[in-house]
Amino acid sequence: MTATIRTEKLTKRYGDSYALNALDLTVEAGEVFGYLGPNGAGKSTTIALLLGLMRPTSGTASVFGLDPWSDGSAIHRRLAYVPSEANLWPALTAAEVLEFLGRLHGEVDEPYRHQLIERFFLTPNKKIRALSHGNRQKILLIAALASRADLLLFDEPTTGLDPLMEQVFRACVREACDRGQTVLLSSHILSEVEAVCDRVAMLHEGRIIESGRVDALRSLSSVHLRVEVDGAVPDISALAGVSKVTVDRQVIECDVVGPMDAVLAVMAPVGIRRITTHEPSLEEVFVSSYGEGSALDGKGL
Amino acid sequence: MSSGTVVAGHAFRQIRMSASIVAVVFAGTIAATASSYSTTFPTEESRQQVAQLASGDRGLAILFGPTTAIGTVGGYTVYKCFVFLAVIGSLWALLATTRLLRGEEDAGRWQLVLAGAIRPSRATAVTIAALGAAIGVIFVVTAFGVALVGRSRSIGFGIGESLLCGMSLIVLPAVFVGVAAVTSQIGGTRRMATTIAMAVFVGSYVVRMIGDSSGTLQWMLWTTPFGWTELVQPLTMNDPWPIGIGFVVAIALAALATVGAKHRDVGDGLLATSDVKQLRRFGLQSSFRFSLRLELPVVVAWCGGAAAVAVVYGIISKMTVTSVPASLNNVLDRFAVQGTFANQFFGVAFLLVAAVVALIPAGQLGAASAEETSGRLEHLLSRSTTRAGWFVGRLVICACAIVAAAVVSGVGAWFGASTQGVPVSFGSLLGAGLNVVPTALVALGIGAVVFAFAPRSAATIVYVVVIWSVLLDLLSSLVTGAAWLDRVSLFAPMALAPAQSIHASTLLITGAIGIALCMFGTLLFARRDLANR
């Protein structure tokens with residue numbers, strides 16, 4: 001695989017404050033990459049740097065092997081971007097905005113655009129000022145998807161969309177992936193990222209704190225274990241990777257990080273009556289990384 | 001604290017700074033003018049000399065304001081300050097009102113306000129009250145400034161007439177708050193509301209000029225808010241009645257706006273426009289054509305306004321020619337203008353036209369700033385448009401608007417004059433129109449450089465530079481000993497054509513400076529982060 005996006009020590013600083021701090025990121029061609037992080041983590045700054053809308057303070061970024069600042073036009077011909085806020089021209093109609101953005105990009109799959117207009121239930125001859133936020137967002141999504149660009153940069157693209165339209169969006173992203181397009185999806189809607197992304201990176205205060213395949217990230221987090229035993233409950237609190245142990249008569253519950261061999265080895269001699277595990281969702285991984293009591297709580301990196 | 005108080009307080013906070021600046025400009029200009037007059041013309045004899053030169057002259061009254069009592073400190077001060085303070089106050093009121101009553105709605109913030117425990121009509125009423133409070137600040141500072149400078153024995157303004165002077169100067173802002181409050185209910189967007197209010201402003205001003213052009217037409221002054229201010233004749237005759245008319249009209253308009261707010265949908269205007277229309281491909285082919293599509297209505301409006309003003313000047317030139325006193329030539333000589341009286345008149349008139357044309361960049365750069373700060377520019381720059389390409393396109397459109405406004409001004413003035421049989425050639429007035437282009441390009445260049453650093457300030461800086469320059473130009477030419485001021489004016493290199501001969505080299509150098517500034521601004525803009533980031 002070749003990298004469509006690569007950043008090395010990419011940094012954006014405003015005075016003493018870091019919007020992005022030595023970011024190393026690689027997005028391979030053809031993959032759907034989830035870019036996660038709480039508000040103010042630096043997701044939009046990363047995308048602005050990749051678009052060449054801002055200059056990095058230090059470090060490098062490349063898109064299709066080109067520098068976004070100096071080769072912006074060449075890069076923009078091969079990508080499409082959807083920002084989180086659909087600020088459009090109020091006196092224009094949706095059709096006029098689509099026509100204009102299409103012409104600016106240069107390449108539009110007209111039949112697919114018509115299909116997208118129908119799938120997203122967009123009324124094309126309505127003026128922007130009469131459209132809701134979600135409907136304005138649809139215009140940008142349709143313009144980006146209909147361009148069939150090699151790279152789709154989505155910055156919280158489903159803001160304002162109803163659940164039905166979110167499903168349509170996810171289907172469109174999967175179709176784009178099937179066509180070999182690369183997608184960078186910045187979001188904090190974890191179910192969305194989980195549903196469509198191959199790999200994810202989690203950003204915190206301008207730095208990546210976790211990255212990898214969604215499955216692998218899940219495995220990094222603890223699995224909740226509930227075991228009902230026949231005999232006396234053994235003490236497992238001292239075992240490596242075991243935490244939050246609670247015992248209620250014959251039932252023992254705990255969180256386990258890593259292999260469960262040691263836990264099961266201690267339980268098996270007592271006699272296991274019933275065992276259940278709960279895999280963490282990406283949301284739980286996210287909360288355990290950023291939320292109260294997380295490793296980052298009060299410290300950052 | 002009630003919702004109304006909170007909304008009014010918030011509105012007042014948004015405009016208190018600009019109102020304070022207007023207040024200081026009002027008080028400072030009057031104080032400086034009165035002081036300079038009493039110093040420059042210390043004796044009764046010297047004042048009578050000035051009075052004989054221009055007192056009661058229609059031409060000067062049309063251009064700058066009432067000249068009836070120019071031989072007194074108060075009369076001269078009002079004559080000198082009337083046009084500019086009236087224009088500044090009216091424009092501030094108009095723009096502040098549409099910003100609060102329509103701009104907030106366009107941005108979606110008004111809806112947040114209305115989501116609280118307050119009805120649209122009450123929110124509108126308390127916002128207008130906040131504007132009234134800001135006008136009150138202008139009144140207090142102005143009256144205090146006039147009274148303070150009036151304590152000087154050589155000036156001698158009483159407390160009562162200082163208060164009346166302050167009142168006379170806030171009549172126009174009060175009326176235009178009312179006008180803009182009504183247009184904010186009529187127009188569906190801030191732009192439309194401002195455009196309609198601007199049309200009322202220009203119309204009122206033109207009526208004022210016509211009213212001042214002849215004794216038989218003076219009744220027309222009672223039909224325009226500019227006339228109400230003028231008829232007070234503060235610091236001399238001190239007639240308070242026209243002020244009453246102004247405030248009654250302002251209150252009536254405010255009430256009308258409040259009723260309008262009650263009867264319309266939020267986000268919409270009383271002037272119903274359809275939200276559905278067929279695809280119109282004009283201007284959608286490139287970012288340059290798109291900018292042209294967005295700005296064309298504004299450019300046409302500016303050109304129309306410039307042409308209208310020029311036509312009126314052309315028509316009025318006949319009236320000034322037929323009633324010109326020989327002594328008026330001496331007054332115009334202070335501008336170092338030469339030739340026939342008609343040419344001299346047009347020479348000074350085109351200075352004011354130049355100011356109108358030089359303000360075009362302010363509007364255009366303001367629109368460019370709105371594109372950038374709203375995030376709309378990102379849609380263009382993340383596609384095939386380059387920063388330099390977009391910005392140069394905007395500057396080119398503005399430059400074309402300047403040339404177009406200059407041409408229609410020249411043609412308009414010639415048309416107006418020719419209908420009255422005034423002997424001025426088409427070529428000389430077209431040349432006088434085009435003569436303002438290089439100066440306006442410098443204003444554009446200054447704005448472009450400011451835009452490259454601080455896009456939100458670009459329009460304001462152009463407004464300040466142009467208005468201040470006109471003020472300096474008039475001050476330097478009308479006040480003995482203040483000629484040095486002329487050198488720091490934007491209009492200093494501009495010949496007052498057709499009364500002064502145009503030097504091609506000066507035009508080329510001035511134009512080249514403007515273009516160089518535009519290029520420099522483009523280079524700087526292409527190297528900075530976008531402002532919405």
# chains A, B, ... in the order shown; residues from 1 in each chain; ligands from 1
call {"tool": "interface_residues", "arguments": {"of": "chain B", "to": "chain A", "cutoff": "9 Å", "atoms": "only C-alpha atoms", "output": "PDB file with C-alpha atoms, in the first residue's frame"}}
result
ATOM      1  CA  ASP B 106     -28.867  36.253   9.261  1.00  0.00           C
ATOM      2  CA  GLY B 267     -35.579  34.661   9.150  1.00  0.00           C
ATOM      3  CA  SER B 274     -39.671  33.055  -3.181  1.00  0.00           C
ATOM      4  CA  ASP B 275     -37.376  30.471  -1.632  1.00  0.00           C
ATOM      5  CA  VAL B 276     -37.717  28.280  -4.684  1.00  0.00           C
ATOM      6  CA  LYS B 277     -36.258  29.070  -8.101  1.00  0.00           C
ATOM      7  CA  GLN B 278     -34.923  27.378 -11.162  1.00  0.00           C
ATOM      8  CA  LEU B 279     -31.216  26.836 -11.740  1.00  0.00           C
ATOM      9  CA  ARG B 280     -29.533  29.970 -13.124  1.00  0.00           C
ATOM     10  CA  ARG B 281     -26.068  29.117 -14.454  1.00  0.00           C
ATOM     11  CA  GLY B 283     -21.558  33.036 -12.730  1.00  0.00           C
ATOM     12  CA  LEU B 284     -21.242  29.391 -11.759  1.00  0.00           C
ATOM     13  CA  GLN B 285     -18.438  28.569 -14.178  1.00  0.00           C
ATOM     14  CA  SER B 286     -15.465  29.790 -12.125  1.00  0.00           C
ATOM     15  CA  SER B 287     -14.647  31.478  -8.834  1.00  0.00           C
ATOM     16  CA  PHE B 290     -19.003  33.607  -9.132  1.00  0.00           C
ATOM     17  CA  SER B 374     -17.900  32.775   7.328  1.00  0.00           C
ATOM     18  CA  GLY B 375     -15.981  29.761   6.025  1.00  0.00           C
ATOM     19  CA  ARG B 376     -17.485  29.961   2.526  1.00  0.00           C
ATOM     20  CA  GLU B 378     -12.932  27.226   2.168  1.00  0.00           C
ATOM     21  CA  HIS B 379     -15.273  25.638  -0.377  1.00  0.00           C
ATOM     22  CA  LEU B 380     -13.404  27.452  -3.134  1.00  0.00           C
ATOM     23  CA  LEU B 381      -9.869  27.060  -1.823  1.00  0.00           C
ATOM     24  CA  SER B 382     -10.315  23.342  -1.183  1.00  0.00           C
ATOM     25  CA  ARG B 383     -11.115  22.939  -4.856  1.00  0.00           C
ATOM     26  CA  SER B 384      -9.319  24.349  -7.895  1.00  0.00           C
ATOM     27  CA  THR B 385      -9.182  28.007  -6.793  1.00  0.00           C
ATOM     28  CA  THR B 386      -5.916  29.434  -5.482  1.00  0.00           C
ATOM     29  CA  ARG B 527       1.000  33.481   2.744  1.00  0.00           C
ATOM     30  CA  ARG B 528      -1.293  33.668   5.742  1.00  0.00           C
ATOM     31  CA  ASP B 529      -3.725  31.262   7.388  1.00  0.00           C
ATOM     32  CA  LEU B 530      -7.409  31.776   6.693  1.00  0.00           C
ATOM     33  CA  ARG B 533      -9.283  29.134  11.462  1.00  0.00           C
TER      34      ARG B 533
END
call {"tool": "residues_around", "arguments": {"residues": "Leu264 of chain A", "least_positions_apart": "5", "cutoff": "12 Å", "atoms": "only C-alpha atoms", "output": "PyMOL selection string"}}
result
chain A and resi 225-229+234+236+239+242+256+259+269-272+275
call {"tool": "write_last_selection", "arguments": {"atoms": "N, CA and C atoms", "output": "compact mmCIF listing (two decimals), in the first residue's frame"}}
result
# COMPACT_ATOMS: atom_id res chain seq x y z
N LEU A 225 -15.60 -9.30 32.57
CA LEU A 225 -15.77 -10.75 32.76
C LEU A 225 -16.71 -11.00 33.94
N ARG A 226 -17.69 -11.90 33.72
CA ARG A 226 -18.61 -12.29 34.80
C ARG A 226 -18.60 -13.81 34.87
N VAL A 227 -18.20 -14.33 36.03
CA VAL A 227 -18.08 -15.80 36.17
C VAL A 227 -18.89 -16.25 37.40
N GLU A 228 -19.69 -17.30 37.17
CA GLU A 228 -20.43 -17.91 38.28
C GLU A 228 -19.77 -19.26 38.57
N VAL A 229 -19.29 -19.44 39.80
CA VAL A 229 -18.51 -20.65 40.11
C VAL A 229 -19.30 -21.57 41.06
N PRO A 234 -12.27 -17.87 44.31
CA PRO A 234 -10.83 -17.66 44.51
C PRO A 234 -10.47 -16.16 44.46
N ILE A 236 -8.62 -13.37 42.86
CA ILE A 236 -7.91 -13.13 41.59
C ILE A 236 -7.38 -11.69 41.51
N LEU A 239 -3.85 -10.95 40.28
CA LEU A 239 -3.38 -11.39 38.95
C LEU A 239 -3.11 -10.20 38.03
N VAL A 242 -5.82 -7.75 35.87
CA VAL A 242 -7.15 -7.85 36.47
C VAL A 242 -7.42 -6.63 37.36
N VAL A 256 -10.61 -7.33 32.64
CA VAL A 256 -9.34 -7.99 32.34
C VAL A 256 -8.73 -7.37 31.09
N PRO A 259 -4.50 -11.35 27.89
CA PRO A 259 -4.94 -12.75 27.88
C PRO A 259 -5.66 -13.12 29.19
N PRO A 269 -10.34 -24.88 38.61
CA PRO A 269 -10.38 -25.91 39.67
C PRO A 269 -11.61 -25.79 40.56
N VAL A 270 -12.14 -24.59 40.73
CA VAL A 270 -13.31 -24.39 41.59
C VAL A 270 -14.57 -24.88 40.89
N GLY A 271 -14.57 -24.88 39.59
CA GLY A 271 -15.74 -25.30 38.80
C GLY A 271 -16.52 -24.11 38.29
N ILE A 272 -16.44 -23.89 37.00
CA ILE A 272 -17.13 -22.73 36.39
C ILE A 272 -18.52 -23.17 35.95
N ILE A 275 -20.07 -18.47 32.36
CA ILE A 275 -19.10 -17.39 32.14
C ILE A 275 -19.60 -16.48 31.00
call {"tool": "residues_around", "arguments": {"residues": "Ala69 of chain B", "least_positions_apart": "3", "cutoff": "10 Å", "atoms": "only C-alpha atoms", "output": "list of chain:residue names"}}
result
B:Ala51, B:Ala54, B:Ser55, B:Gly56, B:Pro66, B:Thr72, B:Val73, B:Gly74, B:Gly75, B:Tyr76, B:Thr77, B:Val78, B:Tyr79, B:Gln233, B:Leu235, B:Thr236, B:Met237
call {"tool": "residues_around", "arguments": {"residues": "Cys81 of chain B", "least_positions_apart": "6", "cutoff": "8 Å", "atoms": "only C-alpha atoms", "output": "NGL selection string"}}
result
:B and (29-30 or 33)
call {"tool": "closest_residue", "arguments": {"among": "B:Ala388, B:Ala401, B:Leu352, B:Val357", "to": "Leu524 of chain B", "atoms": "only C-alpha atoms"}}
result
B:Ala388
call {"tool": "residues_around", "arguments": {"residues": "Ala443 of chain B", "least_positions_apart": "5", "cutoff": "12 Å", "atoms": "only C-alpha atoms", "output": "PyMOL selection string"}}
result
chain B and resi 354-365+395+398-399+402+436-438+448-450+458-467+469+489-491+510-511+513-518
call {"tool": "select_by_dssp", "arguments": {"residues": "segment 68-280 of chain A", "states": "alpha helix (DSSP H)", "output": "MDAnalysis selection string"}}
result
chainID A and resid 72:76 94:105 110:119 133:146 163:178 190:196 214:220 261:267
call {"tool": "residues_around", "arguments": {"residues": "Gly410 of chain B", "least_positions_apart": "3", "cutoff": "9 Å", "atoms": "only C-alpha atoms", "output": "ChimeraX atom specification"}}
result
/B:307,310-311,350,405-407,413-415,426-434
call {"tool": "write_last_selection", "arguments": {"atoms": "N, CA and C atoms", "output": "PDB file, in the first residue's frame"}}
result
ATOM      1  N   ALA B 307     -23.853  57.819 -10.377  1.00  0.00           N
ATOM      2  CA  ALA B 307     -24.421  58.495 -11.548  1.00  0.00           C
ATOM      3  C   ALA B 307     -25.511  59.480 -11.125  1.00  0.00           C
ATOM      4  N   ALA B 310     -23.996  62.521  -9.641  1.00  0.00           N
ATOM      5  CA  ALA B 310     -23.364  63.324 -10.691  1.00  0.00           C
ATOM      6  C   ALA B 310     -24.406  64.055 -11.535  1.00  0.00           C
ATOM      7  N   VAL B 311     -25.514  63.372 -11.856  1.00  0.00           N
ATOM      8  CA  VAL B 311     -26.585  64.016 -12.639  1.00  0.00           C
ATOM      9  C   VAL B 311     -27.126  65.223 -11.866  1.00  0.00           C
ATOM     10  N   PHE B 350     -16.479  67.050  -8.119  1.00  0.00           N
ATOM     11  CA  PHE B 350     -15.884  65.738  -8.387  1.00  0.00           C
ATOM     12  C   PHE B 350     -14.975  65.265  -7.251  1.00  0.00           C
ATOM     13  N   ALA B 405     -17.961  53.239 -12.182  1.00  0.00           N
ATOM     14  CA  ALA B 405     -18.583  54.334 -11.417  1.00  0.00           C
ATOM     15  C   ALA B 405     -18.010  55.677 -11.864  1.00  0.00           C
ATOM     16  N   ALA B 406     -16.711  55.694 -12.164  1.00  0.00           N
ATOM     17  CA  ALA B 406     -16.071  56.935 -12.608  1.00  0.00           C
ATOM     18  C   ALA B 406     -16.646  57.383 -13.956  1.00  0.00           C
ATOM     19  N   VAL B 407     -16.805  56.416 -14.855  1.00  0.00           N
ATOM     20  CA  VAL B 407     -17.322  56.737 -16.192  1.00  0.00           C
ATOM     21  C   VAL B 407     -18.767  57.252 -16.093  1.00  0.00           C
ATOM     22  N   ALA B 413     -22.775  63.641 -14.949  1.00  0.00           N
ATOM     23  CA  ALA B 413     -22.599  65.080 -14.733  1.00  0.00           C
ATOM     24  C   ALA B 413     -22.798  65.835 -16.046  1.00  0.00           C
ATOM     25  N   TRP B 414     -22.232  65.261 -17.136  1.00  0.00           N
ATOM     26  CA  TRP B 414     -22.395  65.916 -18.443  1.00  0.00           C
ATOM     27  C   TRP B 414     -23.860  65.927 -18.862  1.00  0.00           C
ATOM     28  N   PHE B 415     -24.544  64.790 -18.631  1.00  0.00           N
ATOM     29  CA  PHE B 415     -25.947  64.703 -19.003  1.00  0.00           C
ATOM     30  C   PHE B 415     -26.772  65.744 -18.234  1.00  0.00           C
ATOM     31  N   PHE B 426     -18.299  67.227 -22.994  1.00  0.00           N
ATOM     32  CA  PHE B 426     -18.415  65.817 -22.591  1.00  0.00           C
ATOM     33  C   PHE B 426     -17.048  65.264 -22.202  1.00  0.00           C
ATOM     34  N   GLY B 427     -16.057  65.616 -23.010  1.00  0.00           N
ATOM     35  CA  GLY B 427     -14.702  65.096 -22.763  1.00  0.00           C
ATOM     36  C   GLY B 427     -14.155  65.541 -21.422  1.00  0.00           C
ATOM     37  N   SER B 428     -14.392  66.811 -21.086  1.00  0.00           N
ATOM     38  CA  SER B 428     -13.806  67.315 -19.832  1.00  0.00           C
ATOM     39  C   SER B 428     -14.455  66.657 -18.616  1.00  0.00           C
ATOM     40  N   LEU B 429     -15.767  66.417 -18.662  1.00  0.00           N
ATOM     41  CA  LEU B 429     -16.427  65.784 -17.509  1.00  0.00           C
ATOM     42  C   LEU B 429     -16.157  64.277 -17.448  1.00  0.00           C
ATOM     43  N   LEU B 430     -16.045  63.638 -18.622  1.00  0.00           N
ATOM     44  CA  LEU B 430     -15.654  62.220 -18.626  1.00  0.00           C
ATOM     45  C   LEU B 430     -14.244  62.091 -18.044  1.00  0.00           C
ATOM     46  N   GLY B 431     -13.371  63.023 -18.449  1.00  0.00           N
ATOM     47  CA  GLY B 431     -11.998  63.035 -17.917  1.00  0.00           C
ATOM     48  C   GLY B 431     -11.999  63.269 -16.416  1.00  0.00           C
ATOM     49  N   ALA B 432     -12.883  64.188 -15.961  1.00  0.00           N
ATOM     50  CA  ALA B 432     -12.974  64.465 -14.523  1.00  0.00           C
ATOM     51  C   ALA B 432     -13.411  63.207 -13.771  1.00  0.00           C
ATOM     52  N   GLY B 433     -14.315  62.450 -14.403  1.00  0.00           N
ATOM     53  CA  GLY B 433     -14.751  61.196 -13.774  1.00  0.00           C
ATOM     54  C   GLY B 433     -13.610  60.197 -13.695  1.00  0.00           C
ATOM     55  N   LEU B 434     -12.941  59.984 -14.827  1.00  0.00           N
ATOM     56  CA  LEU B 434     -11.847  59.003 -14.863  1.00  0.00           C
ATOM     57  C   LEU B 434     -10.667  59.427 -13.990  1.00  0.00           C
TER      58      LEU B 434
END
call {"tool": "residues_around", "arguments": {"residues": "Thr11 of chain A", "least_positions_apart": "2", "cutoff": "6 Å", "atoms": "only C-alpha atoms", "output": "NGL selection string"}}
result
:A and (20-22 or 56-59)
